[in-house]
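Enquirer: If you scroll down you'll find the structure; I have some questions about it.
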Amino acid sequence: MPEVQPKQKRKTDIGPPHYEKFLPPIIKENYGKWKYHEVLKPGVMVTVSETGARLYTVRAGSPRLLSIDKIRAYADLADKYCNGYLRFTSRHNVEFLLTDESKIDPLIRALDALGHPVGGMANSISSIVHTQGWVHCHSSATDASGVVKAVMDDLILYFTEMKLPAKLRIALACCLNMCGAVHCSDIAILGIHRRPPKVNRDRLKATCEIPSVVSACPTAAVRPVTVDGQPSVEVIEERCMFCANCFTVCPAMPINDPLNDGVSIWVGGKVSNARSEPMFSKLAIPFIPNNPPRWPEVVEAVRNLVEVWARNARKYERMGEWINRIGWPRFFEMTGIPFEKVHIDDFKHAGTTFKRSTHLTY
Amino acid sequence: MPEVQPKQKRKTDIGPPHYEKFLPPIIKENYGKWKYHEVLKPGVMVTVSETGARLYTVRAGSPRLLSIDKIRAYADLADKYCNGYLRFTSRHNVEFLLTDESKIDPLIRALDALGHPVGGMANSISSIVHTQGWVHCHSSATDASGVVKAVMDDLILYFTEMKLPAKLRIALACCLNMCGAVHCSDIAILGIHRRPPKVNRDRLKATCEIPSVVSACPTAAVRPVTVDGQPSVEVIEERCMFCANCFTVCPAMPINDPLNDGVSIWVGGKVSNARSEPMFSKLAIPFIPNNPPRWPEVVEAVRNLVEVWARNARKYERMGEWINRIGWPRFFEMTGIPFEKVHIDDFKHAGTTFKRSTHLTY
Amino acid sequence: MAEKKRSTPQLDELEKGSWPSFVKEIKTAAEKNPMANDLLGQLERSYEDKISHWKHGGIVGVLGYGGGIIGRYSDLPEEFPNVSHFHTIRINQPAGWFYTSDVLRKLCDIWEKHGSGLTNMHGSTGDLVFLGTKTDELEPTFNELTDLGFDLGGSGSDVRTPSCCCGMARCEWACYDTMALTYFLTMHYQDELHRPAFPYKWKFKMSGCPNDCVAAIARSDMSIIGTWRDDIQVDEAAVTEYAKSGVDIQKDVVGNCPAKCMEWDGKKIKIDNKACVKCMHCINAMPKALAPGKDRGACILIGAKAPIVEGALLSSVLIPFIKLVPPYKELTDLVEKIHELWAENGKNRERVGEFIQRIGMGNFLEAIGVEPTPEMVAHPRENPYVFYEEYFEEDSEDNKNA
Amino acid sequence: MAEKKRSTPQLDELEKGSWPSFVKEIKTAAEKNPMANDLLGQLERSYEDKISHWKHGGIVGVLGYGGGIIGRYSDLPEEFPNVSHFHTIRINQPAGWFYTSDVLRKLCDIWEKHGSGLTNMHGSTGDLVFLGTKTDELEPTFNELTDLGFDLGGSGSDVRTPSCCCGMARCEWACYDTMALTYFLTMHYQDELHRPAFPYKWKFKMSGCPNDCVAAIARSDMSIIGTWRDDIQVDEAAVTEYAKSGVDIQKDVVGNCPAKCMEWDGKKIKIDNKACVKCMHCINAMPKALAPGKDRGACILIGAKAPIVEGALLSSVLIPFIKLVPPYKELTDLVEKIHELWAENGKNRERVGEFIQRIGMGNFLEAIGVEPTPEMVAHPRENPYVFYEEYFEEDSEDNKNA
Ligand code: SRM
Ligand code: SRM
Ligand code: SRM
Ligand code: SRM
Ligand code: SF4
Ligand code: SF4
Ligand code: SF4
Ligand code: SF4
Ligand code: SF4
Ligand code: SF4
Ligand code: SF4
Ligand code: SF4
């Protein structure tokens with residue numbers, strides 16, 4: 001096991017450690033020489049080198065929010081099964097890098113015992129990319145980790161099996177800032193506000209620049225006014241579409257609201273260039289009120305989407321590709337989601353989203 | 001032959017004559033009962049009814065601008081070969097409606113003698129939909145009939161034969177008003193201005209409302225100014241994109257200019273819903289100066305486009321469908337047209353036209 | 001009657017070549033008609049100068065009508081006095097552009113007497129165009145036209161002359177009677193056609209099936225395009241016939257189906273009609289074997305226009321399917337509601353397609369009382385910027401209208 | 001060290017179920033850490049109140065750095081004094097998120113001493129996130145981190161922590177060395193990373209091939225995605241193997257090729273590589289048989305971002321193909337030109353993707369000295385509104401700059 005040596009005095013701009021320090025020997029030796037891979041079973045993959053070397057990867061699900069105790073437990077497993085080498089993925093799963101095939105099953109059992117299911121590879125649902133929510137962000141219209149936990153409890157068999165037509169990527173962002181690639185996910189869960197910001201005049205005077213608050217609003221809903229001889233702002237409520245940009249630049253305009261905050265659900269986005277070009281997710285369910293601790297309506301809605309897609313899509317068809325083939329009218333029909341006025345775009349490029357052909361199913 | 005009786009005193013709002021007056025008996029009898037059609041040879045089609053009745057159509061090319069002498073000549077042919085029944089098409093060709101198959105060839109010979117080629121059906125190039133040009137419009141940046149004549153002289157074999165992969169629709173509009181479906185044509189020839197309008201102050205004062213001239217300009221290039229104490233307007237030249245909308249609402253802002261007017265060429269539009277959805281034409285050649293009387297550079301450019309497409313498209317592939325399959329980079333490569341800054345959209349929805357994937361050929 | 005023959009070296013070049021020549025047409029007319037002769041002269045001048053010699057149009061018309069005539073004046077009236085006025089008359093064509101030799105000759109006689117003897121058969125909107133005459137010939141021409149049973153077409157901010165494909169008159173694919181509807185709409189909107197009262201022009205175009213042979217979707221404010229709801233009619237024997245005759249059904253028919261809803265096993269064709277998007281391709285490819293279903297009607301789309309000034313638009317789906325049978329009440333009710341809304345709220349020179357984009361399609365539907373359906377959009381919104389109109393208040397838990 | 005155990009009936013519900021529970025993680029930490037314990041309490045309160053109890057962040061940091069710390073304060077400091085400050089520290093991860101057990105333990109030790117004992121492995125941008133500590137722990141934590149060889153990541157209007165897929169370390173499809181480039185860029189832009197000086201944030205993401213396993217195209221201002229220019233490598237025997245093993249090559253492989261450039265005759269696969277758009281599908285479907293070509297490099301795209309405030313953007317092609325080998329001079333020259341232009345002309349809080357749309361891609365290219373090519377657009381313009389900058393004058397026939 002390589003060691004990292006502590007250094008002596010205050011340093012800046014040193015950047016991250018060089019990754020080579022953390023690569024297992026098999027990777028160093030076969031770097032850039034990999035020939036093919038094969039998913040052996042859920043969460044287990046072998047990558048085979050030109051040299052014949054075989055690297056086994058075991059992927060386990062993670063809540064992403066980890067205590068140092070859990071990280072130490074990972075470290076222990078890594079020591080025991082793979083000489084201390086592990087990594088994390090772009091979807092926040094943990095991966096153990098093995099050279100000894102016989103250690104795969106014991107590792108899987110140990111992970112199971114730790115409460116971390118192995119899976120998330122190939123045609124499965126991987127972990128939900130998500131953000132801070134009420135755990136750490138002031139902006140959030142919903143919690144992140146709680147919704148994710150409830151949804152994944154429900155979908156866990158899709159993580160530990162590989163029976164879907166294709167990969168399915170779910171992501172959650174707790175507000176319209178959309179930290180994460182939420183806007184290009186097969187299913188996106190998005191926290192939204194639905195009540196215009198309130199103006200806290202005293203605080204505004206003390207902490208915000210009025211011109212920058214006014215110009216932050218993309219719909220010109222924030223207007224400068226004079227109240228009791230003091231410069232302030234007002235919000236023209238019917239012009240507000242709840243983006244919270246004014247709040248981002250000025251804390252004196254809180255938009256969070258227990259009664260009106262909640263969750264919207266989006267479908268059909270993708271990132272990869274495989275087959276079709278990357279696509280944005282589109283609005284499926286406009287609003288579900290926050291219902292902690294387990295958001296049952298959200299769980300139910302996501303499951304329905306997954307199942308309708310899984311039953312009807314052809315092999316290799318991602319959610320969006322499937323919808324593009326069958327058309328949105330049938331998507332709404334098959335999922336039982338009502339189509340409403342809010343589904344119709346009315347923002348800047350709205351006209352480009354109208355149906356400008358007679359290609360319709362009946 | 002049915003007759004139309006002249007009436008007596010001033011009438012208004014009578015509308016057009018009822019079409020039934022002009023339908024041949026075979027059509028009246030089989031109206032809505034047609035079963036199938038077959039193109040027998042270039043410009044000749046039979047439509048067969050459930051009743052077994054057979055209606056023959058002979059289509060002949062037309063310059064659209066017709067003298068009454070020519071119309072009378074058509075009338076004579078109609079009398080001689082089809083009991084006086086004829087019609088015009090949505091692309092301004094003339095069609096003779098026959099019931100006697102044996103009269104087809106004599107009619108074709110007579111049309112040839114009159115100088116009107118038979119063709120334009122099925123996988124051919126039909127007549128060029130076009131507009132007024134210098135013959136009648138004040139707006140025109142090029143002539144219409146002259147360019148069309150020169151191009152069709154060159155392409156006539158594509159009209160009289162049916163050897164193309166699919167239909168090819170050419171249209172011409174003499175200015176950005178785009179009278180006709182120019183914006184959705186396989187090949188569109190479009191007259192464009194390239195010099196900002198000049199302001200004729202005296203005339204402006206006399207004939208135009210300054211606020212409406214100012215608001216007519218989509219780019220805010222027209223600004224109200226006061227010159228010698230008189231209200232007028234000025235044009236901020238670098239903001240002008242030559243749409244001529246100011247000229248349309250105010251004759252005192254002429255934009256026509258012999259040195260800078262000319263022709264642009266657009267490709268890949270279509271109207272039908274067959275296979276792909278309708279599409280707009282896209283810019284291929286930004287500018288060719290007017291070169292009357294025969295616009296040889298335009299003729300050459302159109303021929304090149306037709307030929308490259310005809311050689312490379314698959315069966316049923318309209319121009320735009322072919323380009324969508326091979327990609328724009330190869331289109332520019334194969335046609336030898338240079339790609340320039342002006343090809344990149346910079347208008348309202350420009351961002352939606354950027355290539356937002358790695359789907360590229362090399 | 002003809003004046004001196006003009007020297008037209010440039011235009012003469014356009015008599016050459018095998019495509020029929022418009023110059024020949026003008027010359028033929030010019031032999032007996034001084035207007036046509038001056039047109040020839042002025043046009044030659046345009047060819048020399050590379051510029052139009054027409055002035056910006058003025059408003060001319062016939063008694064009681066606000067549209068139908070396009071005023072036109074030469075900017076070289078001294079040199080070409082016979083085209084100093086040269087107005088065109090737009091005449092509403094018979095639906096489907098069907099004529100008899102008899103009526104054509106009578107039209108020619110009128111134009112010989114009162115105008116240049118030149119025409120467009122037809123204008124891009126569909127009118128029969130009498131190309132050029134003097135102001136004082138307008139009224140006499142109009143009177144003779146109405147005597148013959150013809151009336152003017154549209155121009156300006158009015159309902160323009162509706163036009164349609166030949167439909168049931170000669171096409172097996174017509175899913176509704178385009179010519180009957182065109183005639184009906186033209187008669188129903190006579191007042192709106194002749195007396196401009198809208199923010200801008202309004203065009204109706206009728207195509208009998210999704211092939212859209214009048215380009216309705218590209219150039220009419222309301223595009224009415226035939227379609228069907230049930231299964232494509234298949235004549236198995238005829239399919240076999242096509243296959244035998246060398247049609248590559250897998251590659252050329254099935255392979256081009258946009259819905260990927262066809263299968264061909266070398267013998268039989270299988271269509272998943274619930275998935276079919278009614279594109280017409282397979283029917284176009286094998287007209288003897290396939291045909292649109294029997295439950296026919298039309299899709300109504302709205303808002304096409306040329307690019308001036310916000311960019312071109314294609315029409316978009318408004319009513320996914322409608323049965324179109326007389327007295328067309330559902331259709332005219334719809335049109336009336338739209339006209340009312342647009343007339344009241346549209347800006348000057350704002351076509352209905354632009355108007356819808358400005359106020360939002362959702363608001364537009366609400367205002368005309370049409371339920372939103374997913375057929376109206378290519379896809380639901382991608383941005384999260386929803387203008388919700390209501391929210392809950394703390395105390396009441398009731399809705400509040402913002 | 002731990003305080004009183006909190007009653008958390010709502011959060012307790014989230015310990016149930018078989019997916020690993022973040023509540024368990026917080027509880028574990030809370031057993032010994034008062035900050036974690038107060039976090040638990042405040043979070044339970046959020047679950048009751050359905051609202052965040054964090055105040056709008058303030059600016060905190062470590063000496064000489066403008067970014068890397070997200071300030072966070074409780075709005076219930078009396079009830080939860082241990083999270084009255086609760087700032088996160090963004091730590092620049094090793095490229096590809098590879099670790100050893102040893103270094104992880106040392107990181108844990110630091111965080112045990114100075115913070116909540118809670119982390120995100122990792123943040124959405126890619127940083128290793130230390131979740132919550134007090135202001136006066138920031139500097140000590142930083143010092144211990146640098147001693148261990150780690151440094152802060154980005155926040156604010158700076159270059160954000162670059163991240164990448166595992167690339168050549170574990171993937172046969174990597175078309176360039178993503179981890180090497182990520183390390184290089186991170187080191188090259190240390191100053192820009194630590195001291196915000198741009199109009200807004202700037203993110204780099206590196207994917208080794210068009211599968212784009214770090215979602216670069218969706219969420220980085222500069223997305224560097226591996227690809228190739230020559231022919232797909234085909235192992236015929238392995239193709240046969242796949243066919244034998246039951247893969248339906250016609251339907252599932254050929255039938256899904258977006259370029260329609262593959263043919264399968266039941267024995268051999270034929271690819272028209274000039275038409276192939278490098279989508280990866282066929283390779284993904286048969287990894288043992290097909291592989292990217294040998295002339296490998298990357299496509300550079302620009303401008304992705306989340307929807308705030310003009311709508312989300314995907315990156316668009318800037319350099320269709322580039323060979324990416326040290327010292328990456330061509331790349332850094334390009335980046336420098338863009339940074340300069342954007343820093344000077346971008347509005348406050350205007351991402352580079354929005355900036356390009358505002359000034360026009362053509363003008364942007366001109367300003368950074370890159371030739372326009374058709375690869376950069378999905379299609380050429382559809383509207384005729386070209387801002388030509390020059391025209392001819394009568395007298396001179398020379399160009400005039402307008
Ligand atoms: C480990 C990881 C990269 C990393 O450095 O962290 C990775 C690794 C692999 N990806 Fe990926 N992808 C990883 C995130 C992604 C992402 C990003 C994301 O999900 O946020 C995408 C884009 C998703 C999208 O389009 O929305 C992604 C789209 C793909 C695709 C294309 C799938 C498709 O059909 O659209 C493939 C090809 C395939 O699966 O056949 C692929 C294939 C692979 C392969 C097979 C590549 C290889 O030969 O090693 C690797 C294992 C596949 C597997 O998990 O089934 N990888 N892959 C990431 C694992 C995330 C996780 O824990 O689940
Ligand atoms: C006569 C006319 C309608 C009329 O009432 O005037 C007409 C008549 C027919 N059209 Fe058309 N089309 C006519 C203009 C159009 C237009 C409009 C236009 O060109 O401006 C279109 C849309 C063009 C576009 O997409 O840009 C049009 C797109 C079609 C198509 C679809 C072609 C495609 O693959 O995209 C078909 C189907 C086919 O050809 O197989 C079709 C098929 C037909 C059929 C076969 C229908 C039938 O069964 O009778 C008719 C003869 C076809 C032919 O000419 O090859 N017709 N057809 C028009 C003749 C114009 C002319 O003189 O050339
Ligand atoms: C005669 C005709 C062209 C032709 O040679 O066929 C024509 C001629 C003129 N059109 Fe048009 N338009 C003609 C069909 C069209 C069409 C096609 C159609 O109707 O199917 C269009 C595109 C579809 C549309 O409506 O968007 C069309 C879009 C325009 C526009 C742009 C309108 C817009 O909203 O974008 C203008 C400009 C305007 O209205 O100010 C315009 C304006 C004009 C004016 C009146 C010029 C002006 O600004 O005053 C032209 C008079 C020329 C003249 O001297 O006779 N013309 N115009 C067509 C009418 C003949 C007829 O009645 O049958
Ligand atoms: C921690 C993290 C979410 C997470 O749980 O993973 C995060 C958290 C915040 N983001 Fe983010 N963003 C995080 C990745 C992203 C990403 C994803 C990415 O980088 O790949 C995006 C989308 C991509 C993009 O940049 O467009 C993202 C788009 C935003 C935006 C919208 C920016 C925009 O141009 O549209 C904001 C709003 C802003 O900048 O004012 C924002 C703002 C914020 C702030 C700073 C809230 C604020 O307005 O002050 C959040 C602090 C939360 C907290 O209390 O810790 N965050 N943010 C991610 C950073 C962790 C890390 O460094 O690894
Ligand atoms: S998505 Fe919004 S609420 Fe969630 S972490 Fe990002 S900025 Fe905060
Ligand atoms: S939330 Fe957005 S739309 Fe509403 S006032 Fe604030 S900035 Fe404007
Ligand atoms: S396209 Fe322009 S120039 Fe030509 S007829 Fe129409 S308005 Fe006149
Ligand atoms: S031509 Fe168009 S852009 Fe130029 S000044 Fe006139 S209205 Fe404005
Ligand atoms: S639109 Fe359809 S119904 Fe009308 S002529 Fe064309 S093919 Fe026939
Ligand atoms: S009409 Fe079009 S979509 Fe329907 S089956 Fe035929 S080809 Fe397919
Ligand atoms: S992006 Fe490509 S190279 Fe990188 S891990 Fe994914 S599949 Fe492999
Ligand atoms: S990489 Fe994609 S486009 Fe290229 S041949 Fe394979 S499937 Fe077709």
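Order determines the names: the first chain of the structure tokens is A, the second B, and so forth; residues in each chain are numbered 1 upward, and ligands are numbered 1 upward as they are shown.
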Can you tell me which residues surround A:Ser127 at a distance of at most 7 Å, considering only C-alpha atoms, apart from same-chain residues fewer than 5 positions away, and format the answer as a ChimeraX atom specification?
Expert: /A:61,91,93,120
Enquirer: Could you please take those selected residues and save all heavy atoms as a PDB file, in the first residue's frame?
Expert:
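What ended up in again31.pdb:
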```pdb
ATOM      1  N   GLY A  61     -23.563   0.600  -4.244  1.00  0.00           N
ATOM      2  CA  GLY A  61     -24.383   1.802  -4.100  1.00  0.00           C
ATOM      3  C   GLY A  61     -23.978   2.605  -2.890  1.00  0.00           C
ATOM      4  O   GLY A  61     -23.467   2.063  -1.905  1.00  0.00           O
ATOM      5  N   ARG A  91     -21.209   8.941 -10.679  1.00  0.00           N
ATOM      6  CA  ARG A  91     -22.523   8.958 -10.027  1.00  0.00           C
ATOM      7  C   ARG A  91     -22.393   8.617  -8.539  1.00  0.00           C
ATOM      8  O   ARG A  91     -23.317   8.156  -7.904  1.00  0.00           O
ATOM      9  CB  ARG A  91     -23.503   7.995 -10.707  1.00  0.00           C
ATOM     10  CG  ARG A  91     -23.796   8.370 -12.160  1.00  0.00           C
ATOM     11  CD  ARG A  91     -24.962   7.594 -12.705  1.00  0.00           C
ATOM     12  NE  ARG A  91     -26.224   8.103 -12.223  1.00  0.00           N
ATOM     13  CZ  ARG A  91     -26.889   9.129 -12.758  1.00  0.00           C
ATOM     14  NH1 ARG A  91     -26.418   9.750 -13.809  1.00  0.00           N
ATOM     15  NH2 ARG A  91     -28.029   9.526 -12.244  1.00  0.00           N
ATOM     16  N   ASN A  93     -21.028   6.299  -6.782  1.00  0.00           N
ATOM     17  CA  ASN A  93     -20.892   4.957  -6.226  1.00  0.00           C
ATOM     18  C   ASN A  93     -19.439   4.713  -5.854  1.00  0.00           C
ATOM     19  O   ASN A  93     -18.535   5.443  -6.266  1.00  0.00           O
ATOM     20  CB  ASN A  93     -21.355   3.913  -7.252  1.00  0.00           C
ATOM     21  CG  ASN A  93     -22.856   3.964  -7.431  1.00  0.00           C
ATOM     22  OD1 ASN A  93     -23.610   3.941  -6.453  1.00  0.00           O
ATOM     23  ND2 ASN A  93     -23.299   4.039  -8.677  1.00  0.00           N
ATOM     24  N   GLY A 120     -25.827  -1.516 -10.158  1.00  0.00           N
ATOM     25  CA  GLY A 120     -25.740  -0.212 -10.831  1.00  0.00           C
ATOM     26  C   GLY A 120     -24.983  -0.230 -12.144  1.00  0.00           C
ATOM     27  O   GLY A 120     -24.684   0.819 -12.704  1.00  0.00           O
TER      28      GLY A 120
END
```
Enquirer: Only residues of chain B matter here; which ones have an atom within 9 Å of chain D, counting only C-alpha atoms? Give them as a ChimeraX atom specification.
Expert: /B:176,183,190,192,194-196,237-243,258-260,264,266,280-284,286,324-330,332,339-347,350-362
Enquirer: Which neighbours of A:Leu305 fall inside 8 Å, counting only C-alpha atoms, when residues of the same chain fewer than 4 positions from it are skipped, and could you give them as a VMD selection string?
Expert: chain A and resid 301 309 335
Enquirer: Near C:Glu241, within 12 Å and counting only C-alpha atoms, which residues show up once chain neighbours fewer than 2 positions away are dropped, as a count of residues only?
Expert: 18
Enquirer: Residues within 7 Å of ligand 2, counting only C-alpha atoms and all ligand atoms: report them as a PyMOL selection string.
Expert: (chain B and resi 36-37+88-93+120-123+126-127+166-167+169+181+184-186+269-274+316+318) or (chain C and resi 96+164-167+170-173+211-215+281+284-285)
Enquirer: Would you put the residues from that selection into a file with C-alpha atoms, as a CSV table (one decimal), in the first residue's frame?
Expert:
```csv
chain,number,residue,atom,x,y,z
B,36,TYR,CA,-55.7,4.6,-57.1
B,37,HIS,CA,-53.5,6.5,-59.7
B,88,PHE,CA,-54.1,24.6,-63.1
B,89,THR,CA,-52.0,23.2,-60.3
B,90,SER,CA,-50.7,24.5,-57.1
B,91,ARG,CA,-47.4,25.0,-58.8
B,92,HIS,CA,-49.0,26.8,-61.7
B,93,ASN,CA,-48.8,24.1,-64.3
B,120,GLY,CA,-43.4,17.7,-63.9
B,121,MET,CA,-44.9,14.6,-62.3
B,122,ALA,CA,-43.5,12.0,-59.9
B,123,ASN,CA,-39.8,12.1,-59.3
B,126,SER,CA,-41.8,20.7,-61.4
B,127,SER,CA,-42.3,24.3,-62.3
B,166,ALA,CA,-37.5,11.9,-55.3
B,167,LYS,CA,-39.5,15.1,-56.1
B,169,ARG,CA,-39.2,21.5,-55.5
B,181,ALA,CA,-43.5,28.6,-50.0
B,184,CYS,CA,-39.8,25.3,-47.3
B,185,SER,CA,-38.3,24.3,-50.7
B,186,ASP,CA,-35.8,21.7,-51.7
B,269,GLY,CA,-36.8,22.4,-47.1
B,270,LYS,CA,-39.9,20.4,-47.6
B,271,VAL,CA,-43.6,20.7,-47.0
B,272,SER,CA,-45.1,17.2,-47.2
B,273,ASN,CA,-45.3,15.0,-44.1
B,274,ALA,CA,-44.1,12.1,-46.1
B,316,TYR,CA,-37.2,8.6,-51.7
B,318,ARG,CA,-35.7,14.6,-50.6
C,96,GLY,CA,-59.2,23.5,-57.2
C,164,CYS,CA,-57.0,23.9,-51.9
C,165,CYS,CA,-55.6,20.8,-53.6
C,166,CYS,CA,-57.8,19.1,-56.2
C,167,GLY,CA,-58.8,16.7,-53.4
C,170,ARG,CA,-59.1,13.8,-58.7
C,171,CYS,CA,-57.2,12.3,-55.8
C,172,GLU,CA,-57.8,8.9,-54.1
C,173,TRP,CA,-56.2,10.2,-50.9
C,211,ASN,CA,-48.8,15.1,-48.6
C,212,ASP,CA,-50.1,18.7,-48.4
C,213,CYS,CA,-50.1,19.6,-52.1
C,214,VAL,CA,-51.0,23.2,-51.5
C,215,ALA,CA,-48.2,23.7,-49.0
C,281,HIS,CA,-45.1,7.4,-47.2
C,284,ASN,CA,-47.4,7.0,-51.6
C,285,ALA,CA,-45.0,4.2,-52.4
```
Enquirer: Give me, as a list in words, the set of residues whose atoms come within 8 Å of any atom of ligand 6, counting only C-alpha atoms and all ligand atoms.
Expert: Pro196, Pro197, Val213, Val214, Ala216, Cys217, Pro218, Thr219, Ala220, Ala221, Val222, Val235, Ile236, Glu237, Arg239, Cys240, Met241, Phe242, Cys243, Ala244, Asn245, Cys246, Phe247, Met253 and Ile255 of chain A
Enquirer: I'd like the neighbourhood of A:Ile14 as a VMD selection string, where a residue qualifies if any of its atoms comes within 12 Å (using only C-alpha atoms), though same-chain residues fewer than 2 positions away should be ignored.
Expert: (chain A and resid 7 10 to 12 16 to 18) or (chain D and resid 91 to 92 142 to 143 145 to 153 183 186 to 191 193 to 194)
Enquirer: Could you take the residues named above and write them with C-alpha atoms, as a JSON list (two decimals), in the first residue's frame?
Expert:
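Result saved to out_26.json:
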```json
[["chain", "number", "residue", "atom", "x", "y", "z"],
["A", 7, "LYS", "CA", 4.36, 17.99, 4.56],
["A", 10, "ARG", "CA", 1.66, 26.49, 4.84],
["A", 11, "LYS", "CA", 1.41, 25.85, 1.17],
["A", 12, "THR", "CA", -0.98, 27.21, -1.42],
["A", 16, "PRO", "CA", -4.57, 17.89, -5.97],
["A", 17, "PRO", "CA", -2.22, 14.96, -5.53],
["A", 18, "HIS", "CA", -1.20, 13.31, -8.76],
["D", 91, "ILE", "CA", -11.37, 19.72, -1.85],
["D", 92, "ASN", "CA", -10.00, 19.10, -5.29],
["D", 142, "PHE", "CA", -6.63, 23.78, 5.04],
["D", 143, "ASN", "CA", -3.16, 23.52, 6.49],
["D", 145, "LEU", "CA", -4.95, 19.22, 3.85],
["D", 146, "THR", "CA", -2.04, 20.83, 2.05],
["D", 147, "ASP", "CA", 0.30, 18.92, 4.28],
["D", 148, "LEU", "CA", -1.36, 15.79, 3.01],
["D", 149, "GLY", "CA", -0.95, 17.06, -0.57],
["D", 150, "PHE", "CA", -4.52, 18.19, -1.14],
["D", 151, "ASP", "CA", -5.75, 21.65, -2.07],
["D", 152, "LEU", "CA", -9.09, 23.41, -2.28],
["D", 153, "GLY", "CA", -11.50, 23.20, -5.18],
["D", 183, "TYR", "CA", -4.41, 16.95, -13.81],
["D", 186, "THR", "CA", -5.99, 21.73, -12.75],
["D", 187, "MET", "CA", -2.35, 22.58, -12.20],
["D", 188, "HIS", "CA", -2.18, 25.02, -15.11],
["D", 189, "TYR", "CA", -5.15, 27.01, -13.80],
["D", 190, "GLN", "CA", -4.36, 27.02, -10.07],
["D", 191, "ASP", "CA", -4.57, 30.78, -9.87],
["D", 193, "LEU", "CA", -9.19, 28.18, -9.65],
["D", 194, "HIS", "CA", -8.42, 29.78, -6.35]]
```
Enquirer: Can you measure atom 46 (C, counted along the ligand's line) of ligand 3 to atom CA of C:Pro162 for me? One decimal in Å is fine.
Expert: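 About the pair atom 46 (C, counted along the ligand's line) of ligand 3 and atom CA of C:Pro162: they are 18.7 Å apart.
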Enquirer: Which is closest to ligand 8 among C:Gly115, C:Asn345, C:Val309, C:Val325, if we use only C-alpha atoms and all ligand atoms?
Expert: C:Val309
Enquirer: Could you please write out, as a ChimeraX atom specification, every residue of stretch 7-151 of chain A that DSSP assigns to strand (DSSP E or B)?
Expert: /A:34-41,44-49,54-60,65-67,85-88,94-98,118,125,129
Enquirer: What does the structure give for the distance between atom CA of C:Phe355 and atom 57 (N, counted along the ligand's line) of ligand 3, in Å to one decimal?
Expert: 18.7 Å
Enquirer: Using DSSP on the backbone coordinates, identify all residues within stretch 151-355 of chain C classified as alpha helix (DSSP H); present the result as a count of residues only.
Expert: 55
Enquirer: Of the residues A:Ser124, A:Asn200, A:Thr142, A:Thr160, which is the one nearest to ligand 5, using only C-alpha atoms and all ligand atoms?
Expert: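 Going through A:Ser124, A:Asn200, A:Thr142, A:Thr160 one by one, the smallest distance to ligand 5 is for A:Thr142.
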Enquirer: What separation in Å, quoted to one decimal, exists between atom CA of A:His116 and atom CA of D:Pro9?
Expert: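 Distance between the two atoms: 23.6 Å.
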Enquirer: Dump as a Markdown table the rows for residues of chain C within 12 Å of ligand 8: closest atom pair and distance in Å with one decimal, only C-alpha atoms and all ligand atoms counted, ordered by chain and rising residue number.
Expert:
```
| residue | atom | partner | partner_atom_place_in_ligand_line | distance |
| --- | --- | --- | --- | --- |
| C:Pro307 | CA | ligand 8 | 2 (Fe) | 11.9 |
| C:Ile308 | CA | ligand 8 | 2 (Fe) | 9.3 |
| C:Val309 | CA | ligand 8 | 2 (Fe) | 8.4 |
| C:Glu310 | CA | ligand 8 | 2 (Fe) | 11.0 |
```
